[in-house]
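Below is input-v9.txt, holding compact mmCIF, C-alpha atoms.
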```
# COMPACT_ATOMS: atom_id res chain seq x y z
CA MET B 1 -5.85 21.62 -71.18
CA GLU B 2 -5.86 25.41 -71.33
CA ILE B 3 -4.14 26.92 -74.37
CA LEU B 4 -2.23 30.07 -73.39
CA LYS B 5 -2.60 32.15 -76.53
CA GLY B 6 -0.17 34.98 -77.09
CA LYS B 7 -2.47 37.43 -78.87
CA PRO B 8 -4.39 38.67 -75.80
CA VAL B 9 -1.06 39.23 -74.03
CA ALA B 10 0.41 41.05 -77.01
CA ASP B 11 -2.70 43.22 -77.40
CA ALA B 12 -2.62 44.24 -73.73
CA ILE B 13 1.07 45.19 -73.95
CA SER B 14 0.52 47.08 -77.21
CA LYS B 15 -2.36 49.05 -75.69
CA GLN B 16 -0.13 50.18 -72.83
CA THR B 17 2.71 50.94 -75.27
CA ALA B 18 0.44 53.07 -77.48
CA GLU B 19 -0.57 55.08 -74.41
CA GLY B 20 3.11 55.64 -73.65
CA VAL B 21 3.72 56.81 -77.22
CA CYS B 22 0.89 59.35 -76.89
CA GLU B 23 2.39 60.78 -73.69
CA LEU B 24 5.83 61.09 -75.31
CA LYS B 25 4.40 62.80 -78.39
CA LYS B 26 2.70 65.37 -76.15
CA ARG B 27 6.24 66.30 -75.10
CA GLY B 28 7.37 66.53 -78.71
CA ILE B 29 9.20 63.20 -78.66
CA VAL B 30 8.58 60.57 -81.34
CA PRO B 31 9.98 57.22 -80.16
CA ALA B 32 12.10 55.70 -82.91
CA LEU B 33 13.54 52.25 -83.57
CA ALA B 34 16.45 51.58 -85.93
CA ILE B 35 16.49 48.06 -87.39
CA VAL B 36 19.94 47.11 -88.69
CA ARG B 37 20.04 44.27 -91.21
CA VAL B 38 22.85 42.81 -93.32
CA GLY B 39 21.89 40.96 -96.50
CA ASP B 40 18.51 39.56 -97.52
CA ASN B 41 18.05 36.52 -95.29
CA LYS B 42 14.37 35.53 -95.44
CA ASP B 43 14.13 34.91 -91.69
CA ASP B 44 15.62 38.35 -90.96
CA ILE B 45 13.22 40.03 -93.35
CA ALA B 46 10.24 38.20 -91.84
CA TYR B 47 11.28 39.23 -88.32
CA GLU B 48 11.89 42.80 -89.51
CA ASN B 49 8.45 42.98 -91.12
CA GLY B 50 6.82 41.74 -87.93
CA ALA B 51 8.67 44.33 -85.85
CA VAL B 52 7.79 47.13 -88.28
CA LYS B 53 4.11 46.17 -88.25
CA ARG B 54 3.90 46.03 -84.46
CA CYS B 55 5.87 49.26 -83.90
CA SER B 56 4.06 51.23 -86.60
CA GLY B 57 0.75 50.05 -85.16
CA VAL B 58 1.44 51.81 -81.86
CA GLY B 59 2.95 54.96 -83.37
CA ILE B 60 6.67 54.17 -83.14
CA GLU B 61 8.81 55.44 -86.00
CA VAL B 62 10.91 52.71 -87.65
CA ARG B 63 14.10 53.36 -89.56
CA LYS B 64 15.45 50.49 -91.65
CA VAL B 65 19.22 50.46 -91.96
CA THR B 66 20.28 47.83 -94.48
CA PHE B 67 23.69 46.72 -95.76
CA GLU B 68 24.92 44.46 -98.53
CA LYS B 69 26.22 41.11 -97.32
CA ASN B 70 29.80 42.14 -98.17
CA VAL B 71 29.75 45.30 -96.02
CA SER B 72 33.03 45.92 -94.22
CA GLU B 73 33.20 45.59 -90.46
CA GLU B 74 34.49 49.14 -90.25
CA ASP B 75 31.52 50.63 -92.12
CA PHE B 76 29.04 48.50 -90.17
CA ILE B 77 30.43 49.48 -86.78
CA LYS B 78 30.65 53.13 -87.83
CA LYS B 79 26.89 53.08 -88.45
CA LEU B 80 26.21 51.43 -85.09
CA ASP B 81 28.21 54.22 -83.42
CA GLU B 82 26.17 56.86 -85.29
CA LEU B 83 22.88 55.29 -84.19
CA SER B 84 24.10 54.90 -80.61
CA ASN B 85 24.93 58.61 -80.44
CA ASP B 86 21.80 59.85 -82.25
CA ASP B 87 19.36 61.30 -79.71
CA THR B 88 16.45 60.86 -82.15
CA VAL B 89 16.96 57.08 -82.12
CA HIS B 90 15.74 55.41 -78.93
CA GLY B 91 16.12 51.73 -79.76
CA ILE B 92 18.49 49.65 -81.89
CA LEU B 93 17.65 46.17 -83.15
CA MET B 94 20.61 44.43 -84.80
CA LEU B 95 19.41 41.35 -86.67
CA GLN B 96 21.61 38.30 -86.21
CA PRO B 97 23.53 36.22 -87.17
CA LEU B 98 25.92 38.62 -88.88
CA PRO B 99 28.08 37.52 -91.85
CA GLU B 100 31.51 36.02 -91.20
CA GLY B 101 33.31 39.27 -92.01
CA ILE B 102 31.84 41.01 -88.95
CA ASP B 103 32.77 40.14 -85.37
CA THR B 104 29.38 39.86 -83.66
CA GLU B 105 30.73 40.37 -80.14
CA LYS B 106 32.62 43.46 -81.26
CA ALA B 107 29.50 44.82 -82.96
CA ARG B 108 27.42 44.30 -79.81
CA ARG B 109 29.89 46.39 -77.83
CA HIS B 110 29.17 49.33 -80.15
CA ILE B 111 25.44 49.35 -79.34
CA ASN B 112 24.54 51.80 -76.59
CA PRO B 113 23.11 49.56 -73.81
CA GLN B 114 20.44 52.19 -73.13
CA LYS B 115 19.17 51.55 -76.69
CA ASP B 116 19.66 47.77 -76.68
CA ILE B 117 15.98 46.88 -76.80
CA ASP B 118 16.53 43.15 -77.44
CA GLY B 119 19.04 42.50 -74.65
CA THR B 120 22.01 41.49 -76.81
CA THR B 121 24.76 43.50 -75.11
CA GLY B 122 26.77 42.34 -72.11
CA ASP B 123 25.48 45.30 -70.07
CA SER B 124 21.85 44.32 -70.73
CA LEU B 125 22.51 40.75 -69.60
CA VAL B 126 24.19 42.08 -66.45
CA GLY B 127 20.98 44.03 -65.83
CA VAL B 128 18.92 40.83 -66.15
CA PHE B 129 21.24 38.83 -63.91
CA THR B 130 21.40 41.54 -61.22
CA GLY B 131 17.75 42.61 -61.44
CA THR B 132 18.64 46.22 -62.31
CA ASP B 133 17.46 48.55 -65.08
CA VAL B 134 20.61 48.38 -67.21
CA GLY B 135 19.51 47.99 -70.80
CA PHE B 136 16.65 45.57 -71.41
CA ALA B 137 15.95 41.86 -71.09
CA PRO B 138 15.94 39.78 -74.29
CA CYS B 139 12.44 39.92 -75.74
CA THR B 140 11.75 36.18 -75.92
CA PRO B 141 12.32 35.32 -72.24
CA GLN B 142 10.42 38.41 -71.20
CA ALA B 143 7.55 37.31 -73.46
CA ALA B 144 7.48 33.99 -71.61
CA MET B 145 7.27 35.83 -68.30
CA GLU B 146 4.53 38.17 -69.53
CA ILE B 147 2.41 35.17 -70.56
CA LEU B 148 2.73 33.65 -67.09
CA LYS B 149 1.73 36.93 -65.45
CA PHE B 150 -1.13 37.70 -67.86
CA TYR B 151 -2.78 34.34 -67.16
CA ASN B 152 -2.25 34.76 -63.41
CA ILE B 153 -0.04 31.70 -63.11
CA GLU B 154 1.57 31.69 -59.68
CA ILE B 155 5.37 31.81 -59.85
CA SER B 156 6.46 32.58 -56.29
CA GLY B 157 7.37 29.45 -54.38
CA LYS B 158 6.86 27.22 -57.41
CA ARG B 159 9.35 24.79 -58.91
CA ALA B 160 10.42 25.76 -62.43
CA VAL B 161 12.55 23.81 -64.87
CA VAL B 162 14.19 25.57 -67.82
CA ILE B 163 15.32 23.30 -70.63
CA GLY B 164 18.16 25.15 -72.36
CA ARG B 165 20.94 27.38 -71.06
CA SER B 166 21.52 29.87 -73.91
CA LEU B 167 22.20 33.53 -73.22
CA VAL B 168 19.30 34.34 -75.54
CA VAL B 169 16.58 32.50 -73.59
CA GLY B 170 17.58 29.85 -71.04
CA ARG B 171 19.76 31.71 -68.60
CA PRO B 172 17.88 35.03 -68.76
CA VAL B 173 14.48 33.41 -68.17
CA ALA B 174 15.93 31.40 -65.27
CA CYS B 175 17.07 34.63 -63.63
CA MET B 176 13.73 36.29 -64.27
CA LEU B 177 11.91 33.36 -62.67
CA MET B 178 14.19 33.56 -59.63
CA GLN B 179 13.45 37.27 -59.32
CA GLU B 180 9.79 36.24 -59.00
CA ASN B 181 10.82 33.81 -56.21
CA ALA B 182 10.56 30.55 -58.13
CA THR B 183 12.98 27.71 -57.37
CA VAL B 184 14.69 27.10 -60.69
CA THR B 185 16.56 24.18 -62.24
CA VAL B 186 18.34 24.76 -65.56
CA CYS B 187 18.79 21.67 -67.74
CA HIS B 188 21.15 21.27 -70.70
CA THR B 189 22.72 18.61 -72.91
CA ARG B 190 24.79 17.20 -70.02
CA THR B 191 21.93 17.04 -67.52
CA LYS B 192 21.07 13.48 -66.52
CA ASP B 193 17.45 12.33 -66.66
CA VAL B 194 15.79 15.61 -67.60
CA PRO B 195 12.28 14.02 -67.66
CA ALA B 196 12.63 13.12 -63.96
CA LEU B 197 13.21 16.80 -63.20
CA THR B 198 10.42 18.16 -65.41
CA ARG B 199 7.87 15.72 -63.97
CA GLU B 200 8.38 17.41 -60.60
CA ALA B 201 8.05 20.94 -61.99
CA ASP B 202 5.11 23.32 -61.71
CA ILE B 203 6.41 25.43 -64.61
CA ILE B 204 8.41 24.15 -67.58
CA ILE B 205 10.13 26.51 -70.00
CA ALA B 206 11.00 24.57 -73.15
CA ALA B 207 13.93 26.29 -74.87
CA SER B 208 16.06 23.38 -76.06
CA GLY B 209 16.04 24.38 -79.73
CA ARG B 210 15.18 20.79 -80.73
CA MET B 211 11.86 20.40 -82.48
CA GLU B 212 9.26 18.23 -80.70
CA SER B 213 11.96 16.73 -78.49
CA ILE B 214 9.93 17.09 -75.29
CA GLY B 215 7.40 14.28 -75.18
CA GLU B 216 5.05 12.40 -72.89
CA GLU B 217 7.74 11.19 -70.46
CA TYR B 218 8.53 14.81 -69.50
CA PHE B 219 5.09 15.48 -68.01
CA SER B 220 3.17 14.32 -64.94
CA LYS B 221 -0.53 13.59 -64.75
CA ASP B 222 -0.32 13.96 -60.98
CA LYS B 223 0.70 17.65 -60.96
CA GLU B 224 -0.77 20.85 -62.31
CA GLN B 225 1.87 21.87 -64.85
CA THR B 226 2.25 24.94 -67.04
CA VAL B 227 4.44 24.59 -70.12
CA ILE B 228 5.82 27.59 -72.02
CA ASP B 229 7.14 26.45 -75.41
CA VAL B 230 9.75 28.89 -76.73
CA GLY B 231 10.88 26.77 -79.69
CA ILE B 232 9.79 27.26 -83.28
CA ALA B 233 10.85 25.34 -86.38
CA TRP B 234 9.37 24.17 -89.67
CA ASN B 235 8.43 20.51 -89.69
CA ASP B 236 8.81 19.23 -93.27
CA LYS B 237 7.05 15.97 -92.48
CA LYS B 238 3.97 17.66 -90.99
CA GLN B 239 4.24 20.73 -93.22
CA LYS B 240 3.72 23.14 -90.34
CA LEU B 241 5.50 25.11 -87.64
CA CYS B 242 6.23 23.21 -84.44
CA GLY B 243 7.78 23.94 -81.06
CA ASP B 244 10.17 22.07 -78.80
CA VAL B 245 7.18 20.32 -77.20
CA ASP B 246 5.36 17.45 -78.90
CA PHE B 247 1.91 19.02 -78.64
CA GLU B 248 -0.02 15.77 -78.97
CA SER B 249 2.01 14.17 -76.16
CA ALA B 250 1.45 17.16 -73.86
CA GLU B 251 -2.28 17.34 -74.56
CA GLY B 252 -4.18 15.60 -71.82
CA ARG B 253 -1.19 15.52 -69.48
CA VAL B 254 -0.36 19.17 -68.70
CA SER B 255 -2.75 21.83 -67.41
CA ARG B 256 -1.61 24.72 -69.59
CA LEU B 257 0.49 25.04 -72.74
CA THR B 258 1.46 27.81 -75.15
CA PRO B 259 0.78 26.96 -78.81
CA VAL B 260 3.27 27.14 -81.67
CA PRO B 261 2.63 29.26 -83.60
CA GLY B 262 0.48 31.75 -81.71
CA GLY B 263 2.23 31.68 -78.35
CA VAL B 264 5.51 33.18 -77.19
CA GLY B 265 6.49 34.43 -80.65
CA THR B 266 3.29 36.47 -80.90
CA VAL B 267 4.24 38.39 -77.76
CA THR B 268 7.88 39.03 -78.69
CA ASN B 269 7.32 41.98 -81.04
CA SER B 270 4.99 43.67 -78.56
CA ILE B 271 7.80 43.43 -75.98
CA LEU B 272 10.18 44.93 -78.53
CA SER B 273 7.94 47.96 -79.11
CA SER B 274 7.39 48.44 -75.37
CA HIS B 275 11.16 48.50 -74.85
CA VAL B 276 11.51 51.30 -77.42
CA VAL B 277 9.01 53.41 -75.50
CA GLN B 278 10.69 52.64 -72.18
CA ALA B 279 14.06 53.63 -73.68
CA ALA B 280 12.59 56.95 -74.82
CA GLU B 281 11.05 57.55 -71.39
CA ARG B 282 14.38 56.81 -69.69
CA MET B 283 16.09 59.29 -72.01
CA VAL B 284 13.61 61.96 -70.95
CA MET B 285 14.30 61.21 -67.28
CA ARG B 286 18.09 61.42 -67.77
CA LYS B 287 17.77 64.87 -69.39
CA ARG B 288 15.79 66.34 -66.49
```
When written as structure tokens, how does the structure in this file appear?
Amino acid sequence: MEILKGKPVADAISKQTAEGVCELKKRGIVPALAIVRVGDNKDDIAYENGAVKRCSGVGIEVRKVTFEKNVSEEDFIKKLDELSNDDTVHGILMLQPLPEGIDTEKARRHINPQKDIDGTTGDSLVGVFTGTDVGFAPCTPQAAMEILKFYNIEISGKRAVVIGRSLVVGRPVACMLMQENATVTVCHTRTKDVPALTREADIIIAASGRMESIGEEYFSKDKEQTVIDVGIAWNDKKQKLCGDVDFESAEGRVSRLTPVPGGVGTVTNSILSSHVVQAAERMVMRKR
């Protein structure tokens, strides 16, 4: 079984992003990302630190905008409006979930879609579903697609099964696979006999959000199968991070598999930084 590591993919994207940063700086433009965080959630801080490290590494300026957990919705949205209208800010990353006092859907509507580098706004999702450059795709499903392309895994004409239908991963990645001419089946909690569907698939995207729930019965020894594991969770029993796929069950049955950790998550921050540069480049084009 071939392990599809994320680091080579992330490094290739970062190299291209750094080149884009250099070109922008020659024009006097410093691409900038604003990271908006409420409270001190450890997961948010870890994600923020990863984004800062990746962006800083390619020359992107990062501005941290932090609020106390009891911030009012009015003050929070006022800041989003300021960032959306600030021409020196090219990307906005709003860490979620937000506290109960803030309407998340309302907050999303106050992010300029042209700066929505993690595909959280309705306009960005419309862009994904219609195949147009409105906003940006969510970083995680795009990371899955970049891994497939980097390792030259054929998508066109292949049968793909996506396990999970969330707006964050499942539905966007299904649309992105269809844009590459795959025949896609989306499975969810009401789908009958999911293993029967995945055994017939060439590509499986595991995005169920249920740790190690995808085991031996989901795979076929008679087909060449590529499995992209999007899930990540801490397994107390094993004292390590695990994905949606039971790695030991998949080993020896599938042809290719992304590891957890070290797979899709590794590529996500490189996608984020590339979106910031693309947003800055689009801004330059609009001002011509």
Please report, as JSON lines, each residue of range 67-165 of chain B lying at most 9 Å from range 173-178 of chain B, together with the nearest pair of atoms and the separation in Å rounded to one decimal; use all atoms listed in the file, and order rows by chain and ascending residue number.
```
{"residue": "B:Val128", "atom": "CA", "partner": "B:Cys175", "partner_atom": "CA", "distance": 6.9}
{"residue": "B:Phe129", "atom": "CA", "partner": "B:Cys175", "partner_atom": "CA", "distance": 5.9}
{"residue": "B:Thr130", "atom": "CA", "partner": "B:Cys175", "partner_atom": "CA", "distance": 8.5}
{"residue": "B:Gly131", "atom": "CA", "partner": "B:Met176", "partner_atom": "CA", "distance": 8.0}
{"residue": "B:Pro138", "atom": "CA", "partner": "B:Val173", "partner_atom": "CA", "distance": 9.0}
{"residue": "B:Thr140", "atom": "CA", "partner": "B:Val173", "partner_atom": "CA", "distance": 8.7}
{"residue": "B:Pro141", "atom": "CA", "partner": "B:Val173", "partner_atom": "CA", "distance": 5.0}
{"residue": "B:Gln142", "atom": "CA", "partner": "B:Val173", "partner_atom": "CA", "distance": 7.1}
{"residue": "B:Ala144", "atom": "CA", "partner": "B:Val173", "partner_atom": "CA", "distance": 7.8}
{"residue": "B:Met145", "atom": "CA", "partner": "B:Val173", "partner_atom": "CA", "distance": 7.6}
{"residue": "B:Ile155", "atom": "CA", "partner": "B:Leu177", "partner_atom": "CA", "distance": 7.3}
{"residue": "B:Ser156", "atom": "CA", "partner": "B:Leu177", "partner_atom": "CA", "distance": 8.4}
{"residue": "B:Ala160", "atom": "CA", "partner": "B:Leu177", "partner_atom": "CA", "distance": 7.7}
{"residue": "B:Val161", "atom": "CA", "partner": "B:Ala174", "partner_atom": "CA", "distance": 8.3}
{"residue": "B:Val162", "atom": "CA", "partner": "B:Ala174", "partner_atom": "CA", "distance": 6.6}
{"residue": "B:Arg165", "atom": "CA", "partner": "B:Ala174", "partner_atom": "CA", "distance": 8.6}
```
With the cut-off set at 12 Å and counting only C-alpha atoms, tabulate each residue of range 37-103 of chain B with an atom at most that distance from an atom of range 275-288 of chain B, showing the nearest atom pair and its distance in Å to one decimal, ordered by chain and increasing number, as a Markdown table.
```
| residue | atom | partner | partner_atom | distance |
| --- | --- | --- | --- | --- |
| B:Ala51 | CA | B:Val276 | CA | 11.3 |
| B:Arg54 | CA | B:Val276 | CA | 11.6 |
| B:Cys55 | CA | B:Val276 | CA | 8.8 |
| B:Ser56 | CA | B:Val276 | CA | 11.8 |
| B:Val58 | CA | B:Val277 | CA | 10.0 |
| B:Gly59 | CA | B:Val277 | CA | 10.1 |
| B:Ile60 | CA | B:Val276 | CA | 8.0 |
| B:Glu61 | CA | B:Val276 | CA | 9.9 |
| B:Val62 | CA | B:Val276 | CA | 10.3 |
| B:Asp86 | CA | B:Met283 | CA | 11.7 |
| B:Asp87 | CA | B:Met283 | CA | 8.6 |
| B:Thr88 | CA | B:Ala280 | CA | 9.2 |
| B:Val89 | CA | B:Ala280 | CA | 8.5 |
| B:His90 | CA | B:Ala280 | CA | 5.4 |
| B:Gly91 | CA | B:Val276 | CA | 5.2 |
| B:Ile92 | CA | B:Val276 | CA | 8.5 |
| B:Leu93 | CA | B:Val276 | CA | 9.8 |
```
Pick out the residues sitting within 8 Å of Ile111 in chain B, and hand them over as a PDB file with C-alpha atoms, keeping the file's coordinate frame; count only C-alpha atoms, and ignore anything fewer than 5 positions along from it in its own chain.
```pdb
ATOM      1  CA  LEU B  80      26.210  51.430 -85.090  1.00  0.00           C
ATOM      2  CA  ASP B  81      28.210  54.220 -83.420  1.00  0.00           C
ATOM      3  CA  SER B  84      24.100  54.900 -80.610  1.00  0.00           C
ATOM      4  CA  ILE B  92      18.490  49.650 -81.890  1.00  0.00           C
ATOM      5  CA  ASP B 116      19.660  47.770 -76.680  1.00  0.00           C
ATOM      6  CA  THR B 121      24.760  43.500 -75.110  1.00  0.00           C
TER       7      THR B 121
END
```
Item to complete: Compare B:Asn41, B:Asn152, B:Thr266, B:Ser274 by their minimum atom-to-atom distance to Thr226 in chain B, counting all atoms listed in the file, and give me the closest one.
Response: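 The shortest atom-to-atom distance to Thr226 in chain B comes from B:Asn152.
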Fill in: Atom pair CA of Gly119 in chain B / CA of Val168 in chain B: separation (Å)
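Straight-line distance from CA of Gly119 in chain B to CA of Val168 in chain B works out to 8.2 Å.
Close contacts of Gly263 in chain B, defined as residues with an atom at most 7 Å away when counting only C-alpha atoms, with chain neighbours fewer than 6 positions off set aside, comprise Leu4, Lys5 and Gly6 of chain B.
In terms of minimum interatomic distance to Val30 in chain B, B:Ala18 ranks closest within B:Ala18, B:Val264, B:Gln114, B:Phe150, counting all atoms listed in the file.
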Item to complete: Considering all atoms listed in the file, return as a list in words whatever protein or nucleic-acid residues lie within 12 Å of Tyr47 in chain B, sequence-local ones (same chain, fewer than 5 positions apart) excluded.
Response: Ile35, Val36, Arg37, Asp40, Asn41, Lys42, Val52, Lys53, Arg54, Leu93, Met94, Leu95, Gln96, Gly265, Thr266, Thr268, Asn269 and Leu272 of chain B
Discussion item. Measuring between all atoms listed in the file, which one of B:Thr120, B:Asn85, B:Ser273, B:Gln239 shows the shortest distance to Val169 in chain B?
Written reply: B:Thr120
Item to complete: Work out how far apart CA of Leu148 in chain B and CA of Ile204 in chain B are and give it in Å to one decimal.
Response: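 Atom-to-atom, CA of Leu148 in chain B and CA of Ile204 in chain B are spaced 11.1 Å apart.
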Worksheet item: Can you tell me how far CA of Met211 in chain B sits from CA of Gly50 in chain B, in Å to one decimal?
Response: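 About the pair CA of Met211 in chain B and CA of Gly50 in chain B: they are 22.6 Å apart.
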Please put the answer as AutoDock Vina command-line options: centre and edge lengths, in Å with one decimal, of a box along x, y and z that encloses all listed atoms of range 95-99 of chain B plus 3 Å on each side.
```
--center_x 23.7 --center_y 38.8 --center_z -89.0 --size_x 14.7 --size_y 11.1 --size_z 11.6
```
Fill in: Nearest residue to Gly101 in chain B from the set B:Asp229, B:Glu19, B:Glu48, B:Glu74 (distances using all atoms listed in the file)
B:Glu74
Item to complete: Name all residues at most 9 Å from Phe247 in chain B (count only C-alpha atoms; drop same-chain ones fewer than 4 positions away) and give them as a PyMOL selection string.
Response: chain B and resi 212+214-215+242-243+251+257+259-260
Filtering to all heavy atoms, could range 228-237 of chain B of the supplied structure be written out as a PDB file, in the first residue's frame?
```pdb
ATOM      1  N   ILE B 228      -8.834   8.729   0.653  1.00  0.00           N
ATOM      2  CA  ILE B 228      -8.415  10.009   1.236  1.00  0.00           C
ATOM      3  C   ILE B 228      -9.164  10.165   2.558  1.00  0.00           C
ATOM      4  O   ILE B 228     -10.389  10.312   2.578  1.00  0.00           O
ATOM      5  CB  ILE B 228      -8.731  11.199   0.306  1.00  0.00           C
ATOM      6  CG1 ILE B 228      -8.142  10.960  -1.097  1.00  0.00           C
ATOM      7  CG2 ILE B 228      -8.232  12.503   0.917  1.00  0.00           C
ATOM      8  CD1 ILE B 228      -6.643  10.926  -1.163  1.00  0.00           C
ATOM      9  N   ASP B 229      -8.428  10.125   3.656  1.00  0.00           N
ATOM     10  CA  ASP B 229      -9.021  10.186   4.995  1.00  0.00           C
ATOM     11  C   ASP B 229      -8.970  11.619   5.509  1.00  0.00           C
ATOM     12  O   ASP B 229      -7.911  12.144   5.847  1.00  0.00           O
ATOM     13  CB  ASP B 229      -8.256   9.248   5.936  1.00  0.00           C
ATOM     14  CG  ASP B 229      -8.966   9.036   7.262  1.00  0.00           C
ATOM     15  OD1 ASP B 229      -9.935   9.768   7.548  1.00  0.00           O
ATOM     16  OD2 ASP B 229      -8.551   8.137   8.014  1.00  0.00           O
ATOM     17  N   VAL B 230     -10.137  12.246   5.582  1.00  0.00           N
ATOM     18  CA  VAL B 230     -10.236  13.647   6.005  1.00  0.00           C
ATOM     19  C   VAL B 230     -10.377  13.772   7.517  1.00  0.00           C
ATOM     20  O   VAL B 230     -10.089  14.804   8.098  1.00  0.00           O
ATOM     21  CB  VAL B 230     -11.432  14.325   5.285  1.00  0.00           C
ATOM     22  CG1 VAL B 230     -11.662  15.733   5.789  1.00  0.00           C
ATOM     23  CG2 VAL B 230     -11.193  14.341   3.773  1.00  0.00           C
ATOM     24  N   GLY B 231     -10.821  12.719   8.182  1.00  0.00           N
ATOM     25  CA  GLY B 231     -11.104  12.785   9.616  1.00  0.00           C
ATOM     26  C   GLY B 231      -9.862  12.910  10.471  1.00  0.00           C
ATOM     27  O   GLY B 231      -8.769  12.480  10.090  1.00  0.00           O
ATOM     28  N   ILE B 232     -10.042  13.501  11.648  1.00  0.00           N
ATOM     29  CA  ILE B 232      -8.955  13.537  12.629  1.00  0.00           C
ATOM     30  C   ILE B 232      -9.556  13.695  14.025  1.00  0.00           C
ATOM     31  O   ILE B 232     -10.414  14.550  14.250  1.00  0.00           O
ATOM     32  CB  ILE B 232      -7.932  14.661  12.331  1.00  0.00           C
ATOM     33  CG1 ILE B 232      -6.747  14.556  13.295  1.00  0.00           C
ATOM     34  CG2 ILE B 232      -8.581  16.040  12.365  1.00  0.00           C
ATOM     35  CD1 ILE B 232      -5.531  15.363  12.856  1.00  0.00           C
ATOM     36  N   ALA B 233      -9.153  12.820  14.930  1.00  0.00           N
ATOM     37  CA  ALA B 233      -9.655  12.853  16.302  1.00  0.00           C
ATOM     38  C   ALA B 233      -8.643  12.164  17.206  1.00  0.00           C
ATOM     39  O   ALA B 233      -7.851  11.334  16.756  1.00  0.00           O
ATOM     40  CB  ALA B 233     -11.015  12.148  16.385  1.00  0.00           C
ATOM     41  N   TRP B 234      -8.690  12.515  18.485  1.00  0.00           N
ATOM     42  CA  TRP B 234      -7.771  11.907  19.451  1.00  0.00           C
ATOM     43  C   TRP B 234      -8.381  10.628  19.992  1.00  0.00           C
ATOM     44  O   TRP B 234      -9.506  10.614  20.491  1.00  0.00           O
ATOM     45  CB  TRP B 234      -7.480  12.878  20.591  1.00  0.00           C
ATOM     46  CG  TRP B 234      -6.582  12.295  21.644  1.00  0.00           C
ATOM     47  CD1 TRP B 234      -6.925  11.827  22.877  1.00  0.00           C
ATOM     48  CD2 TRP B 234      -5.164  12.095  21.530  1.00  0.00           C
ATOM     49  NE1 TRP B 234      -5.825  11.357  23.544  1.00  0.00           N
ATOM     50  CE2 TRP B 234      -4.727  11.506  22.749  1.00  0.00           C
ATOM     51  CE3 TRP B 234      -4.230  12.357  20.526  1.00  0.00           C
ATOM     52  CZ2 TRP B 234      -3.396  11.188  22.969  1.00  0.00           C
ATOM     53  CZ3 TRP B 234      -2.909  12.033  20.749  1.00  0.00           C
ATOM     54  CH2 TRP B 234      -2.499  11.458  21.960  1.00  0.00           C
ATOM     55  N   ASN B 235      -7.640   9.550  19.864  1.00  0.00           N
ATOM     56  CA  ASN B 235      -8.084   8.252  20.362  1.00  0.00           C
ATOM     57  C   ASN B 235      -7.480   8.032  21.751  1.00  0.00           C
ATOM     58  O   ASN B 235      -6.279   7.795  21.884  1.00  0.00           O
ATOM     59  CB  ASN B 235      -7.637   7.152  19.397  1.00  0.00           C
ATOM     60  CG  ASN B 235      -8.227   5.798  19.736  1.00  0.00           C
ATOM     61  OD1 ASN B 235      -8.323   5.423  20.898  1.00  0.00           O
ATOM     62  ND2 ASN B 235      -8.599   5.053  18.706  1.00  0.00           N
ATOM     63  N   ASP B 236      -8.319   8.132  22.788  1.00  0.00           N
ATOM     64  CA  ASP B 236      -7.831   7.975  24.161  1.00  0.00           C
ATOM     65  C   ASP B 236      -7.261   6.587  24.409  1.00  0.00           C
ATOM     66  O   ASP B 236      -6.254   6.425  25.104  1.00  0.00           O
ATOM     67  CB  ASP B 236      -8.978   8.242  25.156  1.00  0.00           C
ATOM     68  CG  ASP B 236      -9.321   9.718  25.255  1.00  0.00           C
ATOM     69  OD1 ASP B 236      -8.393  10.541  25.149  1.00  0.00           O
ATOM     70  OD2 ASP B 236     -10.507  10.051  25.429  1.00  0.00           O
ATOM     71  N   LYS B 237      -7.912   5.591  23.829  1.00  0.00           N
ATOM     72  CA  LYS B 237      -7.498   4.206  24.048  1.00  0.00           C
ATOM     73  C   LYS B 237      -6.108   3.950  23.467  1.00  0.00           C
ATOM     74  O   LYS B 237      -5.256   3.303  24.088  1.00  0.00           O
ATOM     75  CB  LYS B 237      -8.523   3.256  23.418  1.00  0.00           C
ATOM     76  CG  LYS B 237      -8.316   1.799  23.768  1.00  0.00           C
ATOM     77  CD  LYS B 237      -9.444   0.942  23.202  1.00  0.00           C
ATOM     78  CE  LYS B 237      -9.258  -0.522  23.552  1.00  0.00           C
ATOM     79  NZ  LYS B 237     -10.358  -1.376  22.999  1.00  0.00           N
TER      80      LYS B 237
END
```
